[in-house]
Structures are given as C-alpha cells and as structure tokens.
$ cat work-v4.txt   # compact mmCIF, C-alpha atoms
# COMPACT_ATOMS: atom_id res chain seq x y z
CA MET A 2 0.00 0.00 0.00
CA ASP A 3 1.58 3.31 -1.09
CA ILE A 4 1.41 6.67 0.68
CA LEU A 5 -1.64 7.93 -1.27
CA GLU A 6 -3.60 4.75 -0.56
CA THR A 7 -2.64 4.90 3.11
CA ASP A 8 -3.74 8.54 3.31
CA ALA A 9 -7.08 7.76 1.66
CA TYR A 10 -7.58 4.83 4.02
CA ASP A 11 -6.86 7.05 7.04
CA ARG A 12 -9.36 9.65 5.84
CA ARG A 13 -12.06 7.01 5.37
CA LYS A 14 -11.29 5.58 8.78
CA LYS A 15 -11.57 9.01 10.45
CA ARG A 16 -14.80 9.74 8.59
CA ASN A 17 -16.32 6.42 9.62
CA MET A 18 -15.24 6.96 13.21
CA PHE A 19 -16.78 10.45 13.22
CA CYS A 20 -20.11 9.05 12.03
CA ALA A 21 -20.01 6.22 14.55
CA VAL A 22 -19.22 8.58 17.46
CA LEU A 23 -21.97 10.97 16.35
CA LEU A 24 -24.52 8.14 16.28
CA SER A 25 -23.47 6.99 19.73
CA LEU A 26 -23.98 10.55 21.01
CA LEU A 27 -27.61 10.77 19.88
CA PRO A 28 -28.98 9.62 23.29
CA PHE A 29 -26.84 12.31 24.93
CA PHE A 30 -28.30 15.05 22.72
CA SER A 31 -31.81 13.68 23.21
CA SER A 32 -31.47 13.71 27.00
CA ILE A 33 -30.31 17.35 26.88
CA ALA A 34 -33.41 18.23 24.85
CA VAL A 35 -35.58 16.47 27.44
CA TYR A 36 -33.86 18.35 30.28
CA PHE A 37 -34.45 21.78 28.74
CA TYR A 38 -38.00 20.83 27.77
CA LEU A 39 -38.90 19.81 31.34
CA TRP A 40 -36.91 22.45 33.25
CA THR A 41 -38.60 25.63 34.44
CA PRO A 42 -37.39 28.24 36.97
CA ASP A 43 -39.86 26.94 39.55
CA THR A 44 -39.05 23.25 39.05
CA PRO A 45 -39.01 21.68 42.55
CA ALA A 46 -36.01 19.72 43.74
CA SER A 47 -36.75 16.02 43.44
CA ILE A 48 -35.14 12.71 42.59
CA MET A 49 -36.74 12.90 39.16
CA SER A 50 -35.30 16.36 38.40
CA ALA A 51 -31.89 15.18 39.62
CA GLY A 52 -32.09 12.14 37.34
CA VAL A 53 -33.09 14.20 34.31
CA LYS A 54 -30.27 16.68 34.96
CA SER A 55 -27.58 14.01 35.38
CA ALA A 56 -28.80 11.75 32.55
CA PRO A 57 -26.78 13.48 29.77
CA THR A 58 -23.56 13.17 31.77
CA LEU A 59 -24.20 9.50 32.55
CA LEU A 60 -24.97 8.75 28.89
CA LEU A 61 -21.77 10.52 27.89
CA ALA A 62 -19.84 8.35 30.36
CA ALA A 63 -21.37 5.27 28.74
CA VAL A 64 -20.24 6.47 25.30
CA VAL A 65 -16.64 7.01 26.42
CA LEU A 66 -16.64 3.65 28.22
CA SER A 67 -17.87 1.88 25.09
CA TRP A 68 -15.10 3.44 22.98
CA ASN A 69 -12.15 3.47 25.38
CA GLY A 70 -12.90 0.50 27.60
CA GLY A 71 -12.49 -0.03 31.33
CA GLN A 72 -9.18 1.86 31.46
CA SER A 73 -11.16 5.10 31.22
CA ILE A 74 -12.98 4.50 34.52
CA LEU A 75 -10.06 6.09 36.36
CA GLY A 76 -9.99 8.85 33.77
CA VAL A 77 -12.67 10.71 31.85
CA VAL A 78 -15.41 8.18 32.61
CA GLY A 79 -14.70 8.52 36.32
CA GLY A 80 -14.75 12.30 35.97
CA LEU A 81 -18.11 12.14 34.24
CA LEU A 82 -19.53 9.89 36.96
CA PHE A 83 -18.39 12.29 39.68
CA SER A 84 -19.87 15.12 37.62
CA ALA A 85 -23.21 13.28 37.54
CA VAL A 86 -23.09 13.08 41.33
CA GLY A 87 -22.40 16.82 41.39
CA ASP A 88 -25.35 17.42 39.06
CA CYS A 89 -27.64 15.63 41.48
CA CYS A 90 -26.30 17.45 44.53
CA LEU A 91 -26.75 20.91 43.00
CA VAL A 92 -30.46 20.24 42.56
CA TRP A 93 -30.74 20.75 46.33
CA PRO A 94 -29.18 24.09 47.46
CA GLU A 95 -28.24 22.64 50.85
CA LEU A 96 -25.98 20.11 49.08
CA PHE A 97 -23.99 22.79 47.23
CA LEU A 98 -20.73 21.98 49.02
CA HIS A 99 -21.18 18.27 48.37
CA GLY A 100 -21.71 19.00 44.69
CA MET A 101 -18.61 21.18 44.59
CA GLY A 102 -16.62 18.35 46.16
CA ALA A 103 -17.87 15.90 43.51
CA PHE A 104 -16.88 18.26 40.70
CA ALA A 105 -13.49 18.82 42.34
CA ALA A 106 -12.91 15.06 42.20
CA ALA A 107 -13.95 15.12 38.53
CA HIS A 108 -11.39 17.85 37.78
CA LEU A 109 -8.69 15.80 39.48
CA LEU A 110 -9.48 12.77 37.33
CA TYR A 111 -9.54 14.89 34.18
CA SER A 112 -6.18 16.40 35.12
CA LEU A 113 -4.62 12.98 35.68
CA THR A 114 -6.00 11.84 32.33
CA PHE A 115 -4.49 14.83 30.52
CA LEU A 116 -1.10 13.81 31.97
CA SER A 117 -1.40 10.27 30.67
CA SER A 118 0.34 8.81 27.63
CA HIS A 119 -2.87 9.13 25.59
CA TYR A 120 -2.07 12.77 25.08
CA THR A 121 1.00 14.21 23.43
CA ALA A 122 2.86 16.79 25.50
CA TYR A 123 3.99 20.06 23.93
CA SER A 124 7.44 20.36 22.36
CA SER A 125 10.22 22.36 23.97
CA SER A 126 10.06 24.96 21.18
CA SER A 127 6.53 25.93 22.23
CA SER A 128 7.13 25.79 25.98
CA LEU A 129 7.37 29.59 26.31
CA TRP A 130 3.92 30.11 24.81
CA ILE A 131 2.50 27.28 26.89
CA ARG A 132 3.86 28.80 30.09
CA PHE A 133 2.44 32.17 29.07
CA LEU A 134 -1.01 30.59 28.65
CA TYR A 135 -0.61 28.88 32.03
CA LEU A 136 0.11 32.27 33.58
CA ILE A 137 -2.97 33.81 31.98
CA LEU A 138 -5.21 31.02 33.24
CA PHE A 139 -3.95 31.25 36.81
CA MET A 140 -4.23 35.05 36.73
CA VAL A 141 -7.85 34.73 35.57
CA GLY A 142 -8.57 32.20 38.33
CA GLY A 143 -6.89 34.32 40.98
CA GLY A 144 -8.58 37.49 39.78
CA PHE A 145 -11.98 35.77 39.82
CA TYR A 146 -11.47 34.55 43.39
CA ILE A 147 -10.48 38.05 44.52
CA HIS A 148 -13.58 39.42 42.79
CA ILE A 149 -16.04 37.07 44.50
CA TYR A 150 -14.21 37.02 47.87
CA PRO A 151 -16.33 39.80 49.48
CA PHE A 152 -19.52 37.99 48.45
CA LEU A 153 -18.27 34.69 49.87
CA GLN A 154 -17.66 36.47 53.19
CA LYS A 155 -21.36 37.40 53.34
CA ALA A 156 -22.51 33.80 52.88
CA PRO A 157 -23.89 32.01 55.99
CA ASP A 158 -21.24 29.27 55.78
CA SER A 159 -18.39 31.58 54.73
CA GLU A 160 -15.86 29.88 57.01
CA VAL A 161 -16.18 26.75 54.86
CA LEU A 162 -16.87 28.39 51.51
CA LEU A 163 -13.83 30.67 51.51
CA PRO A 164 -11.19 27.91 51.50
CA ALA A 165 -13.38 25.43 49.58
CA VAL A 166 -13.98 27.79 46.66
CA GLY A 167 -10.29 28.73 46.63
CA VAL A 168 -9.23 25.08 46.35
CA TYR A 169 -11.88 24.43 43.71
CA ILE A 170 -10.66 27.32 41.56
CA VAL A 171 -7.09 26.01 41.78
CA LEU A 172 -8.24 22.55 40.64
CA ILE A 173 -10.30 23.74 37.68
CA VAL A 174 -7.55 26.14 36.55
CA LEU A 175 -5.04 23.28 36.84
CA MET A 176 -7.30 21.15 34.66
CA GLY A 177 -7.43 23.94 32.08
CA ALA A 178 -3.65 24.32 32.16
CA LEU A 179 -3.11 20.59 31.63
CA ALA A 180 -5.66 20.67 28.81
CA ILE A 181 -3.37 23.16 27.05
CA ARG A 182 -0.55 20.63 27.45
CA THR A 183 -2.52 17.99 25.52
CA ARG A 184 -2.58 20.09 22.32
CA HIS A 185 -6.07 18.71 21.58
CA ALA A 186 -8.46 21.46 20.50
CA ALA A 187 -11.59 19.67 21.77
CA THR A 188 -10.01 18.98 25.16
CA LEU A 189 -8.83 22.56 25.57
CA LEU A 190 -12.12 24.11 24.49
CA GLY A 191 -14.01 21.74 26.77
CA SER A 192 -11.91 22.72 29.78
CA LEU A 193 -12.30 26.43 29.05
CA SER A 194 -16.06 25.98 28.60
CA PHE A 195 -16.16 24.23 31.98
CA MET A 196 -14.43 27.24 33.56
CA VAL A 197 -16.90 29.64 31.94
CA SER A 198 -19.84 27.53 33.15
CA ASP A 199 -18.57 27.37 36.73
CA MET A 200 -17.78 31.08 36.86
CA SER A 201 -21.27 31.87 35.58
CA LEU A 202 -22.77 29.59 38.21
CA ALA A 203 -20.66 31.18 40.96
CA VAL A 204 -21.60 34.79 40.19
CA GLN A 205 -25.26 33.78 40.32
CA ALA A 206 -25.08 31.48 43.34
CA PHE A 207 -23.12 33.99 45.45
CA LYS A 208 -25.19 36.96 44.22
CA VAL A 209 -22.20 38.74 42.68
CA MET A 210 -24.54 40.19 40.06
CA ALA A 211 -28.26 40.55 39.50
CA PRO A 212 -30.00 37.39 38.27
CA MET A 213 -29.73 36.97 34.49
CA GLU A 214 -32.84 36.19 32.50
CA HIS A 215 -31.30 33.11 30.88
CA GLY A 216 -28.53 32.58 33.43
CA HIS A 217 -29.39 28.96 34.20
CA ALA A 218 -29.62 28.05 30.52
CA PHE A 219 -26.21 29.60 29.86
CA VAL A 220 -24.64 27.66 32.73
CA MET A 221 -26.07 24.34 31.58
CA VAL A 222 -25.35 24.81 27.86
CA THR A 223 -21.69 25.64 28.52
CA TYR A 224 -21.52 22.79 31.05
CA TYR A 225 -22.89 20.11 28.72
CA LEU A 226 -20.73 21.48 25.90
CA ALA A 227 -17.67 21.21 28.15
CA GLN A 228 -18.37 17.60 29.05
CA LEU A 229 -19.06 16.72 25.41
CA LEU A 230 -15.79 18.23 24.17
CA ILE A 231 -13.72 16.60 26.94
CA ALA A 232 -15.32 13.22 26.19
CA VAL A 233 -14.84 13.49 22.42
CA GLY A 234 -11.27 14.69 22.94
CA ASP A 235 -10.52 11.62 25.04
CA ILE A 236 -12.03 9.27 22.45
CA LYS A 237 -9.94 10.86 19.71
CA ALA A 238 -6.78 10.80 21.85
CA VAL A 239 -7.10 7.08 22.52
CA ALA A 240 -7.96 6.36 18.88
CA ASN A 241 -4.96 8.33 17.65
CA LYS A 242 -2.65 6.54 20.06
CA ASP A 243 -3.94 3.11 19.06
CA GLY A 244 -3.67 4.01 15.38
CA LEU A 245 -0.09 5.19 15.83
CA ALA A 246 0.81 2.04 17.75
CA LYS A 247 -0.61 -0.16 14.97
CA TRP A 248 1.26 1.88 12.35
CA LYS A 249 4.57 1.44 14.21
CA SER A 250 4.05 -2.30 14.58
CA SER A 251 3.22 -2.81 10.89
$ encode --input "work-v4.txt" --output "structure tokens"
Amino acid sequence: MDILETDAYDRRKKRNMFCAVLLSLLPFFSSIAVYFYLWTPDTPASIMSAGVKSAPTLLLAAVVLSWNGGQSILGVVGGLLFSAVGDCCLVWPELFLHGMGAFAAAHLLYSLTFLSSHYTAYSSSSSLWIRFLYLILFMVGGGFYIHIYPFLQKAPDSEVLLPAVGVYIVLIVLMGALAIRTRHAATLLGSLSFMVSDMSLAVQAFKVMAPMEHGHAFVMVTYYLAQLLIAVGDIKAVANKDGLAKWKSS
C-alpha cells in the first residue's frame, strides 16, 4: 500500500469513526433536549429532576466507556460519573458543598487523564507560549477569586466556603492548564467551557450580580458542551494513540 492509498484509508477511517461517534452521542443530545423541555425556573427539587439533569452526563460516560474501555474509569469516565453526582447534589441548594466536592474530584481525574500517555505533551520549542497561557489562566482564576471574595464572606457558611472555593478554583484552573498541554483542540475548548460555566454559576449562586434572565440556561449549555468536548477529545486521543501504535508495529 503506497502513501496515497494509506492517506485515503486514514481519511475514510476518520470519517467512519466520526459518524459512529456521532450516532453513539444521539442519546446524549436527546437527553439534553428532554432536560431543557422539562426544566422551568420553579421546578421543585426532586429525585426525578436530579435524574433528568444528570442523565446526559451518565450517557456521555457510557459512550466514552464503550469506545475506550475499562481503562477510562479512572480517567474521563470517572470524571463524568463524579460530575453526575455533582449534578444531582446541585439540585438541592443545601448540598452545594457536596456538589462542589464531587466536581473537584472530577477535575482531578480529568487532570490525571491529561497527563497520561494518551495525550502528546507540547514540544520544547513551544514551551514559552505554553507557560504564558498557564500564567494567563492562573491570573484569571486568581482574579476571579479576589472578585467574589467579598460575596463569599457574606454567605452564611463563609468559614467553609472561603477555603473550599479557593481550592476548587485552583483545581479547575489546573485542569485547564493541563488541557493546554494535551494540544487537543476539543479537550482545551471543553476545559475552558467548563471554567466559563462554573464562573457563571458562581456569580449567580453567590449573588455577585443581579439574576440573568437566561442565566441557568447559559450555565447548563456551557456545562454540557464542556463535558461533550472533553469526552470526544478523550475518544480521539485514545484512537490516535492506538492508530499510531498499529502503524509502528506494521
């Protein structure tokens, strides 16, 4: 098989994989549609509402598990499962801290995944730009914490929230920084979308700004988009690694 035939074969393989992944994601998109159809501002907290909210994340975990196998349980699949727990907890305002803890665990698992051999680290020639982007991310995270700090002090459980939110911001910024290291566009955009979603949720939950008309919708759209991009990025990373390994062994 010559170079042109190999290139054509690779393109067909990528196209077929794209179609197969898209088909496997249809339940995920359908469950999001159901969530937004059923959700209203006065929706009461219940087990049913928690199940509907967490269903897209659980279905996404099933997709990644079907493509990447059991090895992903301690990676992106595990992060998605912890995220589903966080989704359920945030349905009840009194479980906000528990939800934040579940999402913190998810960010840790994502970060460990981005450090794995599935992802290619940046080259030394680009290290200066990468470090500059790291600096920007941590400056944004630090600036955001300083901005919401006075509002956290006014919260009833401020003695717990102040350090907890600080640690959470460090973890999500670390995840974003390690996503840059992977050099995967979907992974990076997913991590940044996650940061945008959480910041939007924080400014509303801690009353940093007046309630936005479509604030909840914005939080959830950016959140589901983040999880989708991180999941797809992981599927592509594993597929690329397996394809490269087969090419080397041939």
$ closest_residue --input "work-v4.txt" --among "A:Cys89, A:Trp68, A:Phe145, A:Val77" --to "Phe115 in chain A" --atoms "only C-alpha atoms"
A:Val77
$ closest_residue --input "work-v4.txt" --among "A:Val166, A:Ala56, A:Val197, A:Leu229" --to "Ser31 in chain A" --atoms "all atoms listed in the file"
A:Ala56
$ closest_residue --input "work-v4.txt" --among "A:Ala178, A:Val168, A:Ala46, A:Leu116" --to "Ile137 in chain A" --atoms "all atoms listed in the file"
A:Ala178
$ residues_around --input "work-v4.txt" --residues "Tyr146 in chain A" --least-positions-apart "2" --cutoff "10 Å" --atoms "all atoms listed in the file" --output "list of chain:residue names"
A:Met140, A:Val141, A:Gly142, A:Gly143, A:Gly144, A:His148, A:Ile149, A:Tyr150, A:Pro151, A:Leu153, A:Leu163, A:Val166, A:Gly167, A:Ile170, A:Val171, A:Met200
$ residues_around --input "work-v4.txt" --residues "Gly52 in chain A" --least-positions-apart "3" --cutoff "9 Å" --atoms "only C-alpha atoms" --output "short mmCIF file (atom, residue, chain, number, x, y, z; two decimals) with C-alpha atoms, in the coordinates of the input"
data_model
loop_
_atom_site.label_atom_id
_atom_site.label_comp_id
_atom_site.auth_asym_id
_atom_site.auth_seq_id
_atom_site.Cartn_x
_atom_site.Cartn_y
_atom_site.Cartn_z
CA SER A 47 -36.75 16.02 43.44
CA ILE A 48 -35.14 12.71 42.59
CA MET A 49 -36.74 12.90 39.16
CA SER A 55 -27.58 14.01 35.38
CA ALA A 56 -28.80 11.75 32.55
CA ALA A 85 -23.21 13.28 37.54
CA ASP A 88 -25.35 17.42 39.06
CA CYS A 89 -27.64 15.63 41.48
#
$ closest_residue --input "work-v4.txt" --among "A:Leu81, A:Ala238, A:Ala218, A:Leu189" --to "Tyr36 in chain A" --atoms "all atoms listed in the file"
A:Ala218
$ closest_residue --input "work-v4.txt" --among "A:Leu162, A:Ile181, A:Met210, A:Ala227" --to "Ser194 in chain A" --atoms "only C-alpha atoms"
A:Ala227
$ closest_residue --input "work-v4.txt" --among "A:Ser25, A:Thr223, A:Thr183, A:Ser50" --to "Tyr111 in chain A" --atoms "all atoms listed in the file"
A:Thr183
$ atom_distance --input "work-v4.txt" --atom1 "CA of Gln205 in chain A" --atom2 "CA of Phe219 in chain A"
11.3 Å
$ atom_distance --input "work-v4.txt" --atom1 "CA of Leu193 in chain A" --atom2 "CA of Gly177 in chain A"
6.3 Å
$ atom_distance --input "work-v4.txt" --atom1 "CA of Gly191 in chain A" --atom2 "CA of Arg16 in chain A"
21.8 Å
$ residues_around --input "work-v4.txt" --residues "range 92-103 of chain A" --least-positions-apart "5" --cutoff "7 Å" --atoms "all atoms listed in the file" --output "PyMOL selection string"
chain A and resi 46+51+83-84+86-87
$ residues_around --input "work-v4.txt" --residues "Ser73 in chain A" --least-positions-apart "3" --cutoff "10 Å" --atoms "all atoms listed in the file" --output "list in words"
Ala62, Val65, Leu66, Ser67, Trp68, Asn69, Gly70, Gly76, Val77, Val78, Gly79, Gly80, Leu110, Thr114, Asp235, Ile236 and Val239 of chain A
$ axis_aligned_box --input "work-v4.txt" --around "range 87-102 of chain A" --padding-each-side "4 Å" --output "JSON"
{"center_x": -23.7, "center_y": 19.9, "center_z": 45.0, "size_x": 22.1, "size_y": 16.5, "size_z": 19.8}
$ residues_near_point --input "work-v4.txt" --point "(-32.1, 16.1, 28.7)" --cutoff "10 Å" --atoms "all atoms listed in the file" --output "tab-separated table (two decimals) with C-alpha atoms, in the frame of the given file"
chain	number	residue	atom	x	y	z
A	28	PRO	CA	-28.98	9.62	23.29
A	29	PHE	CA	-26.84	12.31	24.93
A	30	PHE	CA	-28.30	15.05	22.72
A	31	SER	CA	-31.81	13.68	23.21
A	32	SER	CA	-31.47	13.71	27.00
A	33	ILE	CA	-30.31	17.35	26.88
A	34	ALA	CA	-33.41	18.23	24.85
A	35	VAL	CA	-35.58	16.47	27.44
A	36	TYR	CA	-33.86	18.35	30.28
A	37	PHE	CA	-34.45	21.78	28.74
A	38	TYR	CA	-38.00	20.83	27.77
A	39	LEU	CA	-38.90	19.81	31.34
A	40	TRP	CA	-36.91	22.45	33.25
A	52	GLY	CA	-32.09	12.14	37.34
A	53	VAL	CA	-33.09	14.20	34.31
A	54	LYS	CA	-30.27	16.68	34.96
A	55	SER	CA	-27.58	14.01	35.38
A	56	ALA	CA	-28.80	11.75	32.55
A	57	PRO	CA	-26.78	13.48	29.77
A	58	THR	CA	-23.56	13.17	31.77
